[in-house]
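Have a look at the structure below before the remarks.
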Amino acid sequence: MTTELPSSASNTLMQRWRAFSRGTGPELMSQRRLAGPMPWVIAIMVALTVIAAAGGFALSNTASNATEALSGGVTVQVVEANPVERDRQAKAAARVLQATPGVVGVVIVSQDDVERLIEPWLGARAIVDQIPVPALIDVRMRAQVDGEVLGGLRRIVRNVAPAARVDAQSTWLKPVFGAINSLQWLAFALVALLSLALAAAVLLAVRTALGANRETIEIVHLLGGTDSQIAWVFQRAIGFDAAGGGAAGLALGLVVVMFLGQQFGGMEAGLVSSGALDWLDWVLLALVPIIGVLLAVFTARLTVIRALRKML
Amino acid sequence: MTKATDGETIQFDNVGLRYGADREVLSDVSFTLFPGSFYFLTGASGAGKTSLLKLLYLAQRPSRGMIRMFGTDAITMPRERLPGLRRRLGVVFQDFRLVPHLSAFDNVALPLRVAGAAENDLLKPVADMLEWVKLGERMHALPAQLSGGEQQRVAIARAVIGRPELLIADEPTGNVDPEMAIKLLRLFEALNRMGTTVVVATHDVHLLKKVPDSLIMRLDKGRLSDPTGALRYPPRPSGGFGARN
């Protein structure tokens, strides 16, 4: 051993930290201690978030499409036991409605369609024939139907069809919309809760890793390592875990969403199938793991920096 | 208060340190270290050597008193600026404090990486340094695969790789054979000749005689004495060090 120092050791001493951020050096912290089950936890969280968010979007679309479809809709029922009189009043009501300003469409629902509509509740045609079924007129207004418009239509229709009842279609579905809104908020609340749970899981994992790597952290501190350098090591590890878990979670979530979409689409029920996701919804779902990664990285940084500030 | 002097490396003034509510482990410690000086810090076990070193390498803040390092008040300095100060120090810990999952090479490279050295720039210096401490063949070994003496040499290589302005070594020859101890002291002397201030804590009285120009600070029950005039002021012209009355 000589007593002359190697010459070039300190040439780059005061350069800014780069090697760790590029990831070219060795892992400063033991990655086995850092990772653990974190990717799987994140995968599950992301999958659940994707499913909950897709549910929220579908409900939102359902409510939006139904509201749009029903906002200008009015149903006229002619509740008359005598079929001849019922038919006469229905035709008379349809005539005056067609001549009413603001009305863009009037359709007398055929007897076959009416019977098909009520068949699930009242059964086969033989029974339907014995029960007086109201005549139905589907009316489309140019603008949204409010109380004033509805009152005007009632006055006009009752002049020619005293047995007629005039209702806005949106009124009937108001409780349904209320339930859909509640479910929609529930879905988004679930997304928020899952995000909090993800942050909490990351916080716990980082605290555990901080404890397991405390000695290494102290050494790095004493060698002149900054809080940001140490935090970056954790951010990077958590970021990779979150990215891997997020991708797996997104794939799983999308499979479930597409399967459920097929199931609901197959029901051919207008209200249900109107909740199909549009392209923006799919883009937002694809953003879930990215937001998850950012949330995990931010939580990791905050946790590490706060913990390190307690050290000298 | 000690007069601040231009060019001082370290200045302690009436420094006291206590852990919790216990009695002070260091009391009224005052001294000044100047660039290019070589100090031995001696004292019996429990005299406070390690505590004093902890203050020197900024692992601990004192309970009272003033510490200036490289012209900066280290007590009131914002925490964010401490890493910059620590990078000017090299520390050989008594228990080596090697990172267990990093190889000898990566442990020695750590101060350079922390300081921002590019990977290409650190390969040769680190390899040379490991050769220098006779560990060139063992550079890929983990600390657990090294003997106590080898670990100590890795710790020393890590402390000096960045050419520190102040080298602090806590019992650096405790785990090596006498021949290696002499070689390590020669290494410290070489660094010292290049301008590094060296502080070596030891209870080995034979070691003190191996560095003729060294100065001795002795700790006794947390109080500092000055058997070689190391803490006297003004500085002795020949030694280039100084201290206070």
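Chain labels run A, B, ... following the order of the structure tokens; each chain numbers its residues from 1, and ligands are numbered from 1 in the order shown.
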- Could you please select, counting only C-alpha atoms, the residues of chain B within 9 Å of chain A and state them as a PyMOL selection string? chain B and resi 57-61+79-80+82-91+97-102+106+110-119+121-122+124-126+128-129+131-134+159-164+183-184+186-191
- Write out as a ChimeraX atom specification all residues of range 3-211 of chain B that backbone DSSP assigns to alpha helix (DSSP H). /B:49-56,82-86,104-114,119-132,148-160,178-193,205-208
- Would you kindly return, as a list in words, each protein, DNA or RNA residue with an atom no farther than 12 Å from any atom of Pro132 in chain A, considering only C-alpha atoms and excluding same-chain residues fewer than 3 positions away?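 The neighbour list is Val78, Val79, Glu80, Ala81, Asn82, Pro83, Val84, Glu85, Arg86, Asp87, Gln111, Val114, Glu115, Ile118, Leu122, Ile127, Val128, Asp129 and Ala135 of chain A.
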Atoms to include: C-alpha atoms. Write the selected residues as a PDB file, in the first residue's frame.
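Output contents, as saved in out.pdb:
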ATOM      1  CA  VAL A  78    -107.024   8.095 -22.201  1.00  0.00           C
ATOM      2  CA  VAL A  79    -108.531   6.122 -19.341  1.00  0.00           C
ATOM      3  CA  GLU A  80    -111.916   5.095 -20.705  1.00  0.00           C
ATOM      4  CA  ALA A  81    -113.552   1.673 -20.331  1.00  0.00           C
ATOM      5  CA  ASN A  82    -115.533   1.961 -23.579  1.00  0.00           C
ATOM      6  CA  PRO A  83    -113.089   1.040 -26.354  1.00  0.00           C
ATOM      7  CA  VAL A  84    -114.929   3.042 -29.030  1.00  0.00           C
ATOM      8  CA  GLU A  85    -115.112   6.196 -26.930  1.00  0.00           C
ATOM      9  CA  ARG A  86    -111.464   5.650 -25.826  1.00  0.00           C
ATOM     10  CA  ASP A  87    -110.377   5.440 -29.446  1.00  0.00           C
ATOM     11  CA  GLN A 111    -102.741  -1.498 -29.156  1.00  0.00           C
ATOM     12  CA  VAL A 114     -99.425  -1.290 -25.345  1.00  0.00           C
ATOM     13  CA  GLU A 115    -100.213  -4.941 -24.776  1.00  0.00           C
ATOM     14  CA  ILE A 118     -98.026  -4.470 -20.003  1.00  0.00           C
ATOM     15  CA  LEU A 122    -100.573  -8.626 -16.560  1.00  0.00           C
ATOM     16  CA  ILE A 127    -106.217 -11.659 -19.686  1.00  0.00           C
ATOM     17  CA  VAL A 128    -105.347  -8.357 -21.302  1.00  0.00           C
ATOM     18  CA  ASP A 129    -108.491  -8.580 -23.412  1.00  0.00           C
ATOM     19  CA  ALA A 135    -104.945   4.416 -24.926  1.00  0.00           C
TER      20      ALA A 135
END
- Contact residues around range 36-40 of chain B with only C-alpha atoms at 10 Å, ignoring same-chain residues under 6 positions, as a PyMOL selection string: chain B and resi 9+165-169+188-189+191-203+205+207-208+211-218+230+239-242
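Comparing A:Gln235, A:Ser228, A:Ala242, A:Ala168 by their smallest distance to Glu148 in chain A, the closest is A:Ala168 (using only C-alpha atoms).
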- Message: Can you tell me which residues surround Ile10 in chain B at a distance of at most 10 Å, considering only C-alpha atoms, apart from same-chain residues fewer than 4 positions away, and format the answer as a list in words?
- Response: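 Here the qualifying residues turn out to be Ala4, Phe31, Thr32, Leu33, Phe34, Pro35, Leu56, Ile67, Arg68, Met69, Phe70, Gly71, Thr72, Asp73, Ala74, Leu166 and Thr197 of chain B.
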- Message: Neighbouring residues of Ala181 in chain B were defined as those with any atom within 10 Å, considering only C-alpha atoms; residues of the same chain fewer than 6 positions away were excluded. Please report them as a list in words.
- Response: Gly149, Pro172, Thr173, Gly174, Asn175, Leu187 and Leu207 of chain B
Give me a file of those residues, with C-alpha atoms, as an mmCIF file, in the first residue's frame.
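Written output follows (part_38.cif):
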data_model
loop_
_atom_site.group_PDB
_atom_site.id
_atom_site.type_symbol
_atom_site.label_atom_id
_atom_site.label_comp_id
_atom_site.auth_asym_id
_atom_site.auth_seq_id
_atom_site.Cartn_x
_atom_site.Cartn_y
_atom_site.Cartn_z
ATOM 1 C CA GLY B 149 -10.208 -5.556 9.316
ATOM 2 C CA PRO B 172 -9.731 3.525 13.036
ATOM 3 C CA THR B 173 -7.066 0.960 13.893
ATOM 4 C CA GLY B 174 -9.076 -0.999 16.404
ATOM 5 C CA ASN B 175 -9.693 -4.001 14.183
ATOM 6 C CA LEU B 187 -2.540 7.214 4.743
ATOM 7 C CA LEU B 207 -0.420 5.142 18.215
#
